[in-house]
$ cat query.txt   # compact mmCIF, C-alpha atoms
# COMPACT_ATOMS: atom_id res chain seq x y z
CA MET A 19 9.68 -103.08 -98.76
CA GLU A 20 13.04 -102.10 -100.09
CA LYS A 21 12.18 -103.60 -103.47
CA ARG A 22 9.03 -101.50 -103.72
CA ALA A 23 10.95 -98.27 -102.92
CA VAL A 24 13.45 -99.05 -105.66
CA GLU A 25 10.62 -99.62 -108.16
CA GLN A 26 8.95 -96.32 -107.27
CA LYS A 27 12.23 -94.44 -107.64
CA ARG A 28 12.79 -95.97 -111.07
CA ARG A 29 9.28 -94.98 -112.25
CA ARG A 30 9.88 -91.45 -110.97
CA ARG A 31 13.09 -91.24 -112.99
CA HIS A 32 11.24 -92.47 -116.12
CA ARG A 33 8.54 -89.80 -115.72
CA LEU A 34 11.14 -87.06 -115.28
CA LEU A 35 13.02 -88.29 -118.35
CA ILE A 36 9.84 -88.33 -120.44
CA ALA A 37 8.92 -84.81 -119.27
CA ALA A 38 12.41 -83.55 -120.11
CA LEU A 39 12.28 -85.10 -123.58
CA ALA A 40 8.84 -83.58 -124.17
CA ALA A 41 10.09 -80.18 -123.08
CA VAL A 42 12.98 -80.43 -125.54
CA LEU A 43 11.11 -81.94 -128.47
CA ALA A 44 8.05 -79.69 -128.21
CA PRO A 45 9.89 -76.50 -129.34
CA LEU A 46 11.78 -78.40 -131.98
CA SER A 47 8.57 -79.77 -133.45
CA ALA A 48 7.27 -76.19 -133.71
CA GLN A 49 10.39 -74.99 -135.59
CA SER A 50 8.82 -75.54 -139.02
CA LEU A 51 6.77 -73.56 -141.58
CA SER A 52 3.38 -74.63 -142.82
CA SER A 53 2.21 -74.07 -146.39
CA ASP A 54 -0.02 -71.21 -145.21
CA ASP A 55 2.96 -69.57 -143.50
CA ILE A 56 4.99 -69.80 -146.69
CA ARG A 57 2.29 -68.17 -148.83
CA ALA A 58 2.05 -65.25 -146.39
CA LEU A 59 5.80 -64.55 -146.33
CA SER A 60 7.59 -61.93 -148.46
CA LEU A 61 10.53 -59.56 -148.14
CA VAL A 62 9.01 -56.12 -147.55
CA PRO A 63 10.89 -52.85 -148.24
CA GLN A 64 11.32 -50.56 -145.26
CA GLY A 65 10.50 -46.86 -145.44
CA GLY A 66 8.53 -45.13 -148.19
CA THR A 67 9.56 -44.44 -151.77
CA VAL A 68 12.63 -46.14 -153.23
CA PHE A 69 15.07 -43.97 -155.20
CA VAL A 70 17.99 -44.66 -157.51
CA GLY A 71 21.35 -44.65 -155.72
CA GLN A 72 19.83 -44.84 -152.22
CA PRO A 73 20.03 -48.17 -150.32
CA CYS A 74 16.73 -49.91 -149.61
CA THR A 75 16.36 -52.45 -146.79
CA PHE A 76 14.06 -55.47 -147.20
CA THR A 77 12.95 -57.41 -144.12
CA LEU A 78 11.77 -61.01 -143.64
CA VAL A 79 10.29 -62.15 -140.31
CA LEU A 80 9.98 -65.84 -139.38
CA HIS A 81 7.81 -66.06 -136.27
CA GLY A 82 8.55 -68.97 -133.93
CA ILE A 83 11.70 -70.00 -135.80
CA ASP A 84 14.85 -69.86 -133.73
CA PRO A 85 17.74 -68.10 -135.54
CA SER A 86 19.93 -71.18 -135.09
CA LEU A 87 17.52 -73.15 -137.28
CA ALA A 88 17.18 -70.63 -140.15
CA ARG A 89 19.58 -69.36 -142.76
CA ALA A 90 19.33 -67.61 -146.15
CA GLU A 91 21.37 -67.56 -149.34
CA LEU A 92 21.68 -64.71 -151.83
CA PRO A 93 20.07 -65.18 -155.27
CA ASP A 94 21.52 -63.88 -158.52
CA PHE A 95 20.26 -60.29 -158.74
CA PRO A 96 19.84 -58.51 -162.12
CA PRO A 97 22.63 -56.13 -163.29
CA ASN A 98 20.83 -52.97 -162.11
CA VAL A 99 20.49 -54.34 -158.53
CA ARG A 100 23.49 -54.53 -156.21
CA PHE A 101 23.63 -56.36 -152.88
CA VAL A 102 24.97 -54.13 -150.09
CA SER A 103 24.66 -56.05 -146.80
CA SER A 104 22.64 -58.63 -144.85
CA LYS A 105 21.90 -59.25 -141.20
CA LYS A 106 20.10 -61.85 -139.07
CA GLU A 107 18.49 -60.85 -135.77
CA THR A 108 16.58 -62.59 -132.98
CA LEU A 109 13.03 -61.37 -132.63
CA TYR A 110 10.93 -62.09 -129.51
CA ASP A 111 7.16 -62.01 -129.54
CA ALA A 112 4.84 -61.01 -126.67
CA GLY A 113 5.03 -64.53 -125.19
CA GLY A 114 8.82 -64.53 -125.12
CA ASN A 115 9.15 -67.00 -127.99
CA ALA A 116 12.18 -66.48 -130.21
CA GLY A 117 11.82 -65.72 -133.91
CA THR A 118 14.14 -64.80 -136.77
CA LYS A 119 14.43 -61.49 -138.64
CA PHE A 120 16.46 -61.16 -141.85
CA LEU A 121 17.52 -57.74 -143.22
CA PHE A 122 18.86 -57.37 -146.77
CA GLN A 123 20.07 -54.02 -148.09
CA LEU A 124 19.97 -53.52 -151.88
CA LEU A 125 21.01 -50.62 -154.14
CA PHE A 126 19.23 -49.86 -157.44
CA SER A 127 21.03 -48.15 -160.31
CA ALA A 128 18.06 -47.62 -162.67
CA ALA A 129 14.51 -46.40 -162.30
CA GLY A 130 11.61 -48.72 -163.00
CA THR A 131 10.07 -51.87 -161.54
CA PRO A 132 12.88 -54.43 -161.22
CA ARG A 133 12.09 -58.14 -161.18
CA LEU A 134 13.85 -59.57 -158.13
CA PRO A 135 14.41 -63.34 -157.87
CA PRO A 136 13.06 -65.14 -154.76
CA LEU A 137 15.28 -65.50 -151.72
CA PRO A 138 16.33 -69.10 -150.83
CA VAL A 139 15.61 -69.65 -147.10
CA TYR A 140 16.40 -72.86 -145.19
CA VAL A 141 14.56 -73.84 -141.99
CA ARG A 142 15.86 -77.06 -140.39
CA ARG A 143 17.52 -77.92 -143.72
CA ARG A 144 14.28 -77.55 -145.62
CA ALA A 145 14.42 -75.05 -148.53
CA TYR A 146 11.83 -72.33 -149.17
CA ALA A 147 11.68 -69.67 -151.93
CA ILE A 148 10.49 -66.39 -150.39
CA PRO A 149 9.55 -63.67 -152.94
CA PHE A 150 10.46 -59.98 -152.75
CA ALA A 151 7.49 -57.62 -152.58
CA PRO A 152 7.07 -55.56 -155.83
CA VAL A 153 8.84 -52.22 -155.65
CA THR A 154 8.96 -49.17 -157.96
CA VAL A 155 12.26 -47.31 -158.12
CA TYR A 156 12.19 -43.57 -158.89
CA GLU A 157 14.91 -41.17 -159.94
CA ASP A 158 16.54 -39.08 -157.26
CA PRO A 159 14.24 -36.05 -156.67
CA ALA A 160 17.27 -33.75 -156.65
CA THR A 161 17.87 -34.66 -160.31
CA LEU A 162 14.25 -34.65 -161.48
CA LEU A 163 13.01 -31.78 -163.64
CA PRO A 164 9.36 -30.69 -163.78
CA ARG A 165 7.29 -32.16 -166.62
CA LEU A 166 4.06 -31.29 -168.43
CA SER A 167 1.60 -33.59 -170.12
CA VAL A 168 -1.90 -33.35 -171.60
CA ALA A 169 -4.85 -35.74 -171.37
CA PHE A 170 -7.40 -35.52 -174.20
CA GLU A 171 -11.08 -36.36 -174.00
CA THR A 172 -13.42 -36.31 -177.00
CA GLN A 173 -17.13 -36.98 -177.31
CA LYS A 174 -16.28 -40.70 -177.55
CA GLY A 175 -14.30 -40.68 -174.30
CA ARG A 176 -10.63 -40.55 -173.44
CA ALA A 177 -8.39 -40.23 -176.49
CA VAL A 178 -4.85 -41.60 -176.41
CA PRO A 179 -2.52 -39.71 -178.81
CA GLN A 180 -1.06 -41.85 -181.56
CA ASN A 181 2.41 -40.56 -182.41
CA GLY A 182 1.46 -37.36 -180.60
CA ALA A 183 -1.75 -36.78 -182.62
CA VAL A 184 -5.46 -36.99 -181.76
CA ALA A 185 -8.04 -37.32 -184.56
CA VAL A 186 -11.35 -35.41 -184.31
CA ALA A 187 -13.98 -33.93 -186.62
CA ALA A 188 -14.23 -30.23 -187.43
CA GLY A 189 -16.49 -28.49 -184.93
CA GLU A 190 -16.01 -31.23 -182.30
CA THR A 191 -14.95 -30.01 -178.87
CA VAL A 192 -11.92 -31.66 -177.30
CA ARG A 193 -11.47 -31.41 -173.53
CA CYS A 194 -7.76 -30.99 -172.73
CA THR A 195 -6.40 -31.27 -169.19
CA LEU A 196 -2.87 -30.02 -168.56
CA TYR A 197 -0.90 -31.88 -165.86
CA ALA A 198 2.39 -31.10 -164.10
CA GLN A 199 4.74 -33.52 -162.40
CA HIS A 200 7.85 -33.31 -160.19
CA CYS A 201 7.38 -29.68 -159.17
CA THR A 202 6.49 -27.78 -156.01
CA GLN A 203 5.06 -24.58 -157.50
CA LEU A 204 4.24 -22.86 -160.80
CA LEU A 205 5.79 -19.40 -161.01
CA HIS A 206 4.46 -18.47 -164.47
CA PHE A 207 1.65 -19.90 -166.55
CA SER A 208 0.32 -18.57 -169.89
CA TRP A 209 -0.46 -19.70 -173.43
CA ASP A 210 -1.07 -18.37 -176.95
CA LEU A 211 -4.44 -18.60 -178.64
CA PRO A 212 -4.53 -20.87 -181.71
CA LYS A 213 -5.87 -19.57 -184.98
CA ASP A 214 -9.10 -20.80 -186.60
CA ALA A 215 -10.23 -22.46 -183.39
CA ILE A 216 -12.04 -21.78 -180.15
CA PHE A 217 -9.66 -22.37 -177.25
CA ALA A 218 -11.00 -21.39 -173.86
CA GLU A 219 -9.98 -22.14 -170.30
CA ALA A 220 -12.73 -24.09 -168.55
CA GLU A 221 -11.14 -24.60 -165.13
CA ARG A 222 -7.98 -23.55 -163.31
CA PHE A 223 -6.62 -25.62 -160.43
CA PRO A 224 -4.71 -24.39 -157.34
CA LEU A 225 -1.29 -25.16 -158.86
CA ALA A 226 -1.99 -22.80 -161.79
CA ARG A 227 -2.90 -20.07 -159.30
CA GLY A 228 0.59 -20.23 -157.81
CA GLU A 229 -0.28 -22.17 -154.66
CA PRO A 230 2.78 -24.14 -153.43
CA LEU A 231 2.77 -27.90 -152.97
CA SER A 232 4.58 -30.10 -150.49
CA ARG A 233 8.30 -30.50 -151.12
CA GLN A 234 7.93 -34.22 -150.43
CA PHE A 235 8.35 -36.33 -153.54
CA SER A 236 5.23 -37.56 -155.28
CA PRO A 237 4.98 -39.44 -158.58
CA ASP A 238 1.39 -38.29 -159.10
CA LEU A 239 0.22 -36.10 -161.98
CA ILE A 240 -1.06 -32.78 -160.63
CA PRO A 241 -3.82 -31.03 -162.64
CA VAL A 242 -3.00 -27.48 -163.72
CA ALA A 243 -5.87 -26.33 -165.93
CA ARG A 244 -8.60 -27.68 -168.18
CA PHE A 245 -9.37 -26.30 -171.65
CA ASP A 246 -12.04 -26.72 -174.34
CA TRP A 247 -10.55 -26.78 -177.85
CA MET A 248 -12.81 -26.73 -180.91
CA PRO A 249 -11.12 -26.53 -184.35
CA LEU A 250 -13.36 -24.91 -186.92
CA VAL A 251 -11.88 -26.17 -190.18
CA ALA A 252 -10.22 -29.40 -191.25
CA GLY A 253 -6.45 -29.67 -191.10
CA ASP A 254 -3.59 -30.30 -188.68
CA TYR A 255 -3.36 -28.14 -185.56
CA ASP A 256 -0.43 -27.96 -183.16
CA PHE A 257 -1.28 -27.74 -179.49
CA PRO A 258 -1.02 -24.09 -178.40
CA PRO A 259 2.40 -23.20 -176.98
CA PHE A 260 2.49 -22.84 -173.20
CA ALA A 261 4.92 -20.68 -171.26
CA VAL A 262 5.42 -22.39 -167.90
CA GLU A 263 8.06 -21.77 -165.25
CA ALA A 264 8.12 -24.10 -162.24
CA THR A 265 10.11 -24.81 -159.10
CA ALA A 266 11.83 -28.21 -159.01
CA TYR A 267 12.36 -30.36 -155.91
CA ASN A 268 15.91 -29.03 -155.60
CA GLY A 269 14.59 -25.45 -155.47
CA SER A 270 15.73 -24.36 -158.94
CA ARG A 271 13.49 -22.40 -161.33
CA VAL A 272 12.97 -24.30 -164.58
CA ALA A 273 11.27 -23.31 -167.84
CA VAL A 274 9.08 -26.30 -168.66
CA THR A 275 8.26 -27.23 -172.26
CA LEU A 276 5.24 -29.22 -173.32
CA PRO A 277 5.68 -32.31 -175.51
CA ALA A 278 4.50 -31.88 -179.09
CA TYR A 279 0.80 -32.65 -179.45
CA ARG A 280 -1.44 -31.95 -182.43
CA LEU A 281 -5.00 -32.46 -183.63
CA THR A 282 -5.74 -34.05 -186.98
CA VAL A 283 -9.12 -32.56 -187.87
CA ARG A 284 -11.24 -34.18 -190.55
CA PRO A 285 -14.19 -32.42 -192.24
CA ALA A 286 -17.41 -32.43 -190.25
CA ASP A 287 -19.80 -35.22 -191.18
CA THR A 288 -22.86 -32.99 -190.97
CA VAL A 289 -23.47 -29.27 -190.84
CA ARG A 290 -25.43 -28.04 -187.83
CA THR A 291 -28.31 -25.79 -188.80
CA ASP A 292 -30.28 -25.49 -185.56
CA ALA A 293 -31.75 -22.11 -184.67
CA ALA A 294 -29.45 -21.48 -181.72
CA GLN A 295 -26.34 -21.92 -183.84
CA SER A 296 -27.77 -19.81 -186.65
CA GLU A 297 -28.29 -16.92 -184.28
CA ARG A 298 -24.81 -17.31 -182.84
CA ARG A 299 -22.96 -17.36 -186.17
CA ASN A 300 -23.56 -14.75 -188.81
CA ASP A 301 -23.12 -15.15 -192.55
CA VAL A 302 -19.62 -13.67 -192.51
CA PHE A 303 -18.47 -16.27 -189.98
CA ALA A 304 -19.81 -19.10 -192.12
CA ALA A 305 -18.29 -17.66 -195.27
CA ALA A 306 -14.91 -17.31 -193.61
CA PHE A 307 -14.58 -20.99 -192.68
CA GLN A 308 -16.70 -22.93 -195.17
CA PRO A 309 -15.33 -23.92 -198.60
CA PRO A 310 -16.88 -22.03 -201.55
CA PRO A 311 -19.75 -23.65 -203.43
CA PRO A 312 -18.90 -25.57 -206.60
CA GLY A 313 -18.11 -23.20 -209.45
CA GLU A 314 -17.65 -20.19 -207.20
CA ALA A 315 -13.93 -20.80 -206.80
CA ASP A 316 -13.47 -20.23 -210.54
CA ALA A 317 -15.46 -16.97 -210.60
CA PRO A 318 -13.49 -13.94 -211.86
CA VAL A 319 -12.26 -11.37 -209.36
CA GLN A 320 -14.37 -8.25 -209.57
CA ASP A 321 -11.87 -5.77 -208.14
CA GLU A 322 -8.73 -6.44 -210.20
CA THR A 323 -7.18 -3.11 -209.18
CA ALA A 324 -7.23 -4.02 -205.50
CA GLN A 325 -5.80 -7.45 -206.22
CA THR A 326 -3.01 -6.03 -208.40
CA GLU A 327 -2.17 -3.41 -205.80
CA SER A 328 -1.76 -6.03 -203.06
CA VAL A 329 0.56 -8.12 -205.23
CA SER A 330 2.46 -5.65 -207.40
CA LEU A 331 4.40 -2.99 -205.54
CA HIS A 332 5.68 -0.56 -208.11
CA ALA A 333 2.23 -0.23 -209.66
CA GLY A 334 0.65 1.13 -206.49
CA LYS A 335 3.45 2.45 -204.26
CA PRO A 336 5.18 5.70 -205.35
CA LEU A 337 8.27 5.12 -203.20
CA ALA A 338 8.91 1.76 -204.78
CA ARG A 339 8.51 3.26 -208.26
CA VAL A 340 10.98 6.07 -207.51
CA LEU A 341 13.56 3.66 -206.11
CA LEU A 342 13.22 1.35 -209.10
CA ALA A 343 13.56 4.29 -211.53
CA ALA A 344 16.68 5.53 -209.72
CA ALA A 345 18.22 2.06 -209.82
CA ALA A 346 17.53 1.83 -213.56
CA MET A 347 19.01 5.29 -214.20
CA PHE A 348 22.25 4.51 -212.38
CA ALA A 349 22.41 1.15 -214.13
CA VAL A 350 22.32 2.98 -217.50
CA LEU A 351 25.07 5.34 -216.29
CA ALA A 352 27.12 2.32 -215.21
CA VAL A 353 26.78 0.80 -218.68
CA ALA A 354 27.83 4.14 -220.27
CA ALA A 355 30.85 4.39 -217.96
CA LEU A 356 31.79 0.84 -218.86
CA CYS A 357 31.82 1.78 -222.54
CA PHE A 358 33.51 5.21 -222.36
CA ARG A 359 35.13 5.90 -218.96
CA ARG A 360 35.75 2.80 -216.95
CA ARG A 361 37.39 4.68 -214.09
CA LEU A 362 33.98 6.21 -213.31
CA LEU A 363 32.23 2.80 -213.30
CA PRO A 364 32.30 2.10 -209.50
CA VAL A 365 30.24 5.16 -208.58
CA PRO A 366 27.10 4.59 -210.74
CA LEU A 367 27.35 0.81 -210.23
CA ALA A 368 27.38 1.20 -206.44
CA LEU A 369 24.46 3.66 -206.55
CA ALA A 370 22.49 1.30 -208.79
CA LEU A 371 22.97 -1.54 -206.32
CA VAL A 372 21.98 0.69 -203.37
CA PHE A 373 18.75 1.84 -205.01
CA LEU A 374 17.99 -1.71 -206.14
CA LEU A 375 18.31 -2.99 -202.56
CA ALA A 376 16.18 -0.11 -201.34
CA PHE A 377 13.55 -1.03 -203.92
CA VAL A 378 13.54 -4.67 -202.71
CA TRP A 379 13.16 -3.48 -199.11
CA ALA A 380 10.32 -1.10 -200.01
CA ARG A 381 8.57 -3.86 -201.94
CA GLU A 382 8.77 -6.23 -198.96
CA GLN A 383 7.48 -3.57 -196.58
CA SER A 384 4.62 -2.69 -198.88
CA ALA A 385 3.67 -6.34 -199.16
CA ARG A 386 2.89 -6.28 -195.47
CA SER A 387 -0.42 -4.78 -194.57
CA TYR A 388 -0.32 -2.61 -191.46
CA ALA A 389 -3.05 -0.66 -189.70
CA VAL A 390 -3.72 1.20 -186.48
CA PHE A 391 -6.14 -0.53 -184.11
CA ARG A 392 -8.69 1.67 -182.32
CA GLY A 393 -8.61 -0.60 -179.29
CA GLY A 394 -11.01 -3.12 -177.80
CA ALA A 395 -11.56 -6.86 -177.62
CA VAL A 396 -9.54 -9.35 -179.70
CA SER A 397 -11.50 -12.55 -180.33
CA PRO A 398 -10.11 -16.04 -181.01
CA VAL A 399 -12.68 -16.46 -183.82
CA PRO A 400 -14.51 -14.03 -186.13
CA ASP A 401 -17.76 -14.34 -184.23
CA ALA A 402 -19.59 -11.54 -182.45
CA ALA A 403 -20.92 -13.99 -179.86
CA ALA A 404 -17.48 -15.41 -178.99
CA THR A 405 -16.12 -14.71 -175.53
CA SER A 406 -12.92 -12.69 -175.83
CA VAL A 407 -10.11 -13.22 -173.38
CA LEU A 408 -7.75 -10.57 -174.78
CA THR A 409 -7.87 -6.80 -175.23
CA MET A 410 -5.63 -4.28 -176.96
CA PRO A 411 -5.36 -0.55 -176.23
CA ASN A 412 -6.10 2.24 -178.72
CA GLY A 413 -3.44 3.38 -181.16
CA VAL A 414 -1.45 0.13 -181.46
CA ARG A 415 0.13 -0.44 -184.88
CA VAL A 416 -0.75 -3.99 -185.91
CA ARG A 417 -0.10 -6.25 -188.85
CA VAL A 418 -3.15 -7.47 -190.77
CA LEU A 419 -2.54 -11.12 -191.62
CA GLU A 420 -5.93 -12.09 -193.05
CA ARG A 421 -9.33 -10.63 -193.87
CA ALA A 422 -12.68 -12.42 -193.93
CA GLY A 423 -15.69 -10.26 -194.72
CA ASP A 424 -16.13 -7.68 -191.95
CA TRP A 425 -13.38 -9.29 -189.88
CA ALA A 426 -9.57 -9.05 -189.89
CA TYR A 427 -6.97 -11.20 -188.19
CA ILE A 428 -4.32 -8.95 -186.62
CA ALA A 429 -1.10 -9.43 -184.69
CA GLY A 430 0.48 -6.83 -182.44
CA GLY A 431 3.10 -7.61 -179.82
CA GLU A 432 2.07 -10.78 -178.01
CA VAL A 433 -1.63 -10.43 -178.89
CA ALA A 434 -3.23 -11.93 -182.00
CA GLY A 435 -6.82 -12.56 -182.98
CA TRP A 436 -9.88 -11.41 -184.93
CA VAL A 437 -11.29 -7.86 -184.79
CA ARG A 438 -13.89 -5.90 -186.73
CA ALA A 439 -12.38 -4.44 -189.88
CA GLU A 440 -14.06 -1.10 -189.10
CA SER A 441 -11.90 -0.82 -185.98
CA LEU A 442 -8.75 -0.54 -188.13
CA GLU A 443 -7.37 2.59 -189.74
CA ASP A 444 -4.97 2.36 -192.65
CA ASP A 445 -1.39 3.01 -191.67

$ encode --input "query.txt" --output "structure tokens"
Amino acid sequence: MEKRAVEQKRRRRHRLLIAALAAVLAPLSAQSLSSDDIRALSLVPQGGTVFVGQPCTFTLVLHGIDPSLARAELPDFPPNVRFVSSKKETLYDAGGNAGTKFLFQLLFSAAGTPRLPPLPVYVRRRAYAIPFAPVTVYEDPATLLPRLSVAFETQKGRAVPQNGAVAVAAGETVRCTLYAQHCTQLLHFSWDLPKDAIFAEAERFPLARGEPLSRQFSPDLIPVARFDWMPLVAGDYDFPPFAVEATAYNGSRVAVTLPAYRLTVRPADTVRTDAAQSERRNDVFAAAFQPPPPGEADAPVQDETAQTESVSLHAGKPLARVLLAAAAMFAVLAVAALCFRRRLLPVPLALALVFLLAFVWAREQSARSYAVFRGGAVSPVPDAAATSVLTMPNGVRVRVLERAGDWAYIAGGEVAGWVRAESLEDD
């Protein structure tokens, strides 16, 4: 009887010992990472956008791994990445099981997408290489200035500028979309019309209408306006200058300049002769922008008097003739004084120089053709069917830069374009 009681007590102690060992070894056997767990792990940056000079914290969570069984070592970071601090915390899940949370704080000194080496992590003396999640580092918004850029689209699709230039054919329409970046509002937005081309605004977005944006940083390109640009003759065209004033993230007002873009326009492969285009363009328009037929370029000028008057001043301008005659007369007196009375030489010599300079000035002024504009629409092209976006009041004195048939290209103040020659009166 006593022997049986001793045997039962010994079996009970064995069962308790086995249960205790199972309770101890069960958690320890779970303190390991499977291959699937490893593939799903990465150090994730906390917060939103990462900026230069502002610490960024990366976190790594090991579920079911007791902190006493996990440790991490620092890798060799690139020169533009500086380690700030690290921390290990105990993390409990909903079931009360302990896990490990690592926090690493890094500081970036340059914008871009840095390549971070994997983090060596040891769980129960077994090594794992845990990668950092990709991160893009941006400049501090307080130091960023607003920017402008243009996206080009031709008939063949999106065109990427090569060395700032886009190649198209004469008469081909190019769709240009102006974008802004790193700004909260546009305070001023205007542009100058290019010459020998149709440049029209097709669409204006809220930013161009002065509507404010969020002051929160965004790396996105914000559309401003869309334009249709059609060069009419072959050559190189600079993108029209834009006058843009914007508000930066730090609240300052900044005049924004557009990078240099240009179109390299080759001659059109074919000439369009459909009825709709023939009605839209008259003969003067075609003559103004098409090269002369073979042999016509060598034809003699019929009105030689008009040509001589536009080139030679003293032959057609009385004031210039009078000034030149006065300069010659005082030059003769200076020569006479030099021969007979040298003490009188400075007076006629000085007068000769004065009248000579006045003659040069009068010649330069006469070379410029001025007129008085009667007022009305100023068109970007010499075409009656073109839609004008500019007007000029009556009585403005303008400079006539070019004439083409019944059309004249004028410039007055900040307005320039084509008008009917009959709307000009000689100045």

$ closest_residue --input "query.txt" --among "A:Gln199, A:Ser60, A:Thr191, A:Thr131" --to "Thr172 (chain A)" --atoms "all atoms listed in the file"
A:Thr191

$ closest_residue --input "query.txt" --among "A:Pro152, A:Gly114, A:Pro285, A:Pro164" --to "Gly269 (chain A)" --atoms "all atoms listed in the file"
A:Pro164

$ closest_residue --input "query.txt" --among "A:Glu432, A:Glu443, A:Asp401, A:Asp111" --to "Ile216 (chain A)" --atoms "all atoms listed in the file"
A:Asp401

$ closest_atom_pairs --input "query.txt" --of "region 94-190 of chain A" --to "region 72-85 of chain A" --cutoff "7 Å" --atoms "all atoms listed in the file" --output "tab-separated table"
residue	atom	partner	partner_atom	distance
A:Thr108	CA	A:Pro85	CA	6.2
A:Asn115	CA	A:Gly82	CA	6.3
A:Ala116	CA	A:Asp84	CA	5.6
A:Gly117	CA	A:Gly82	CA	4.6
A:Thr118	CA	A:Leu80	CA	5.0
A:Lys119	CA	A:Val79	CA	4.5
A:Phe120	CA	A:Leu78	CA	5.0
A:Leu121	CA	A:Thr77	CA	4.7
A:Phe122	CA	A:Phe76	CA	5.2
A:Gln123	CA	A:Thr75	CA	4.2
A:Leu124	CA	A:Cys74	CA	5.4
A:Leu125	CA	A:Pro73	CA	4.6

$ atom_distance --input "query.txt" --atom1 "CA of Val274 (chain A)" --atom2 "CA of Gly435 (chain A)"
25.4 Å

$ atom_distance --input "query.txt" --atom1 "CA of Lys105 (chain A)" --atom2 "CA of Ala129 (chain A)"
25.8 Å

$ atom_distance --input "query.txt" --atom1 "CA of Ala264 (chain A)" --atom2 "CA of Phe69 (chain A)"
22.2 Å

$ residues_near_point --input "query.txt" --point "(20.2, 4.9, -214.4)" --cutoff "12 Å" --atoms "all atoms listed in the file" --output "list in words"
Val340, Leu341, Leu342, Ala343, Ala344, Ala345, Ala346, Met347, Phe348, Ala349, Val350, Leu351, Ala352, Val353, Ala354, Ala355, Val365, Pro366, Leu367, Ala368, Leu369, Ala370, Leu371, Val372, Phe373 and Leu374 of chain A

$ write_last_selection --input "query.txt" --atoms "C-alpha atoms" --output "JSON list (two decimals), keeping the file's coordinate frame"
[["chain", "number", "residue", "atom", "x", "y", "z"],
["A", 340, "VAL", "CA", 10.98, 6.07, -207.51],
["A", 341, "LEU", "CA", 13.56, 3.66, -206.11],
["A", 342, "LEU", "CA", 13.22, 1.35, -209.10],
["A", 343, "ALA", "CA", 13.56, 4.29, -211.53],
["A", 344, "ALA", "CA", 16.68, 5.53, -209.72],
["A", 345, "ALA", "CA", 18.22, 2.06, -209.82],
["A", 346, "ALA", "CA", 17.53, 1.83, -213.56],
["A", 347, "MET", "CA", 19.01, 5.29, -214.20],
["A", 348, "PHE", "CA", 22.25, 4.51, -212.38],
["A", 349, "ALA", "CA", 22.41, 1.15, -214.13],
["A", 350, "VAL", "CA", 22.32, 2.98, -217.50],
["A", 351, "LEU", "CA", 25.07, 5.34, -216.29],
["A", 352, "ALA", "CA", 27.12, 2.32, -215.21],
["A", 353, "VAL", "CA", 26.78, 0.80, -218.68],
["A", 354, "ALA", "CA", 27.83, 4.14, -220.27],
["A", 355, "ALA", "CA", 30.85, 4.39, -217.96],
["A", 365, "VAL", "CA", 30.24, 5.16, -208.58],
["A", 366, "PRO", "CA", 27.10, 4.59, -210.74],
["A", 367, "LEU", "CA", 27.35, 0.81, -210.23],
["A", 368, "ALA", "CA", 27.38, 1.20, -206.44],
["A", 369, "LEU", "CA", 24.46, 3.66, -206.55],
["A", 370, "ALA", "CA", 22.49, 1.30, -208.79],
["A", 371, "LEU", "CA", 22.97, -1.54, -206.32],
["A", 372, "VAL", "CA", 21.98, 0.69, -203.37],
["A", 373, "PHE", "CA", 18.75, 1.84, -205.01],
["A", 374, "LEU", "CA", 17.99, -1.71, -206.14]]

$ residues_around --input "query.txt" --residues "Ala434 (chain A)" --least-positions-apart "4" --cutoff "8 Å" --atoms "only C-alpha atoms" --output "ChimeraX atom specification"
/A:211,396,427-430

$ residues_around --input "query.txt" --residues "Leu204 (chain A)" --least-positions-apart "5" --cutoff "10 Å" --atoms "all atoms listed in the file" --output "PDB file with C-alpha atoms, keeping the file's coordinate frame"
ATOM      1  CA  PRO A 164       9.360 -30.690-163.780  1.00  0.00           C
ATOM      2  CA  ALA A 198       2.390 -31.100-164.100  1.00  0.00           C
ATOM      3  CA  PRO A 224      -4.710 -24.390-157.340  1.00  0.00           C
ATOM      4  CA  LEU A 225      -1.290 -25.160-158.860  1.00  0.00           C
ATOM      5  CA  ALA A 226      -1.990 -22.800-161.790  1.00  0.00           C
ATOM      6  CA  ARG A 227      -2.900 -20.070-159.300  1.00  0.00           C
ATOM      7  CA  GLY A 228       0.590 -20.230-157.810  1.00  0.00           C
ATOM      8  CA  GLU A 229      -0.280 -22.170-154.660  1.00  0.00           C
ATOM      9  CA  PRO A 230       2.780 -24.140-153.430  1.00  0.00           C
ATOM     10  CA  LEU A 231       2.770 -27.900-152.970  1.00  0.00           C
ATOM     11  CA  VAL A 242      -3.000 -27.480-163.720  1.00  0.00           C
ATOM     12  CA  VAL A 262       5.420 -22.390-167.900  1.00  0.00           C
ATOM     13  CA  GLU A 263       8.060 -21.770-165.250  1.00  0.00           C
ATOM     14  CA  ALA A 264       8.120 -24.100-162.240  1.00  0.00           C
ATOM     15  CA  THR A 265      10.110 -24.810-159.100  1.00  0.00           C
ATOM     16  CA  ALA A 266      11.830 -28.210-159.010  1.00  0.00           C
ATOM     17  CA  ARG A 271      13.490 -22.400-161.330  1.00  0.00           C
ATOM     18  CA  VAL A 272      12.970 -24.300-164.580  1.00  0.00           C
ATOM     19  CA  ALA A 273      11.270 -23.310-167.840  1.00  0.00           C
ATOM     20  CA  VAL A 274       9.080 -26.300-168.660  1.00  0.00           C
TER      21      VAL A 274
END

$ closest_residue --input "query.txt" --among "A:Ala402, A:Leu363, A:Ala151, A:Val99" --to "Gln64 (chain A)" --atoms "only C-alpha atoms"
A:Ala151
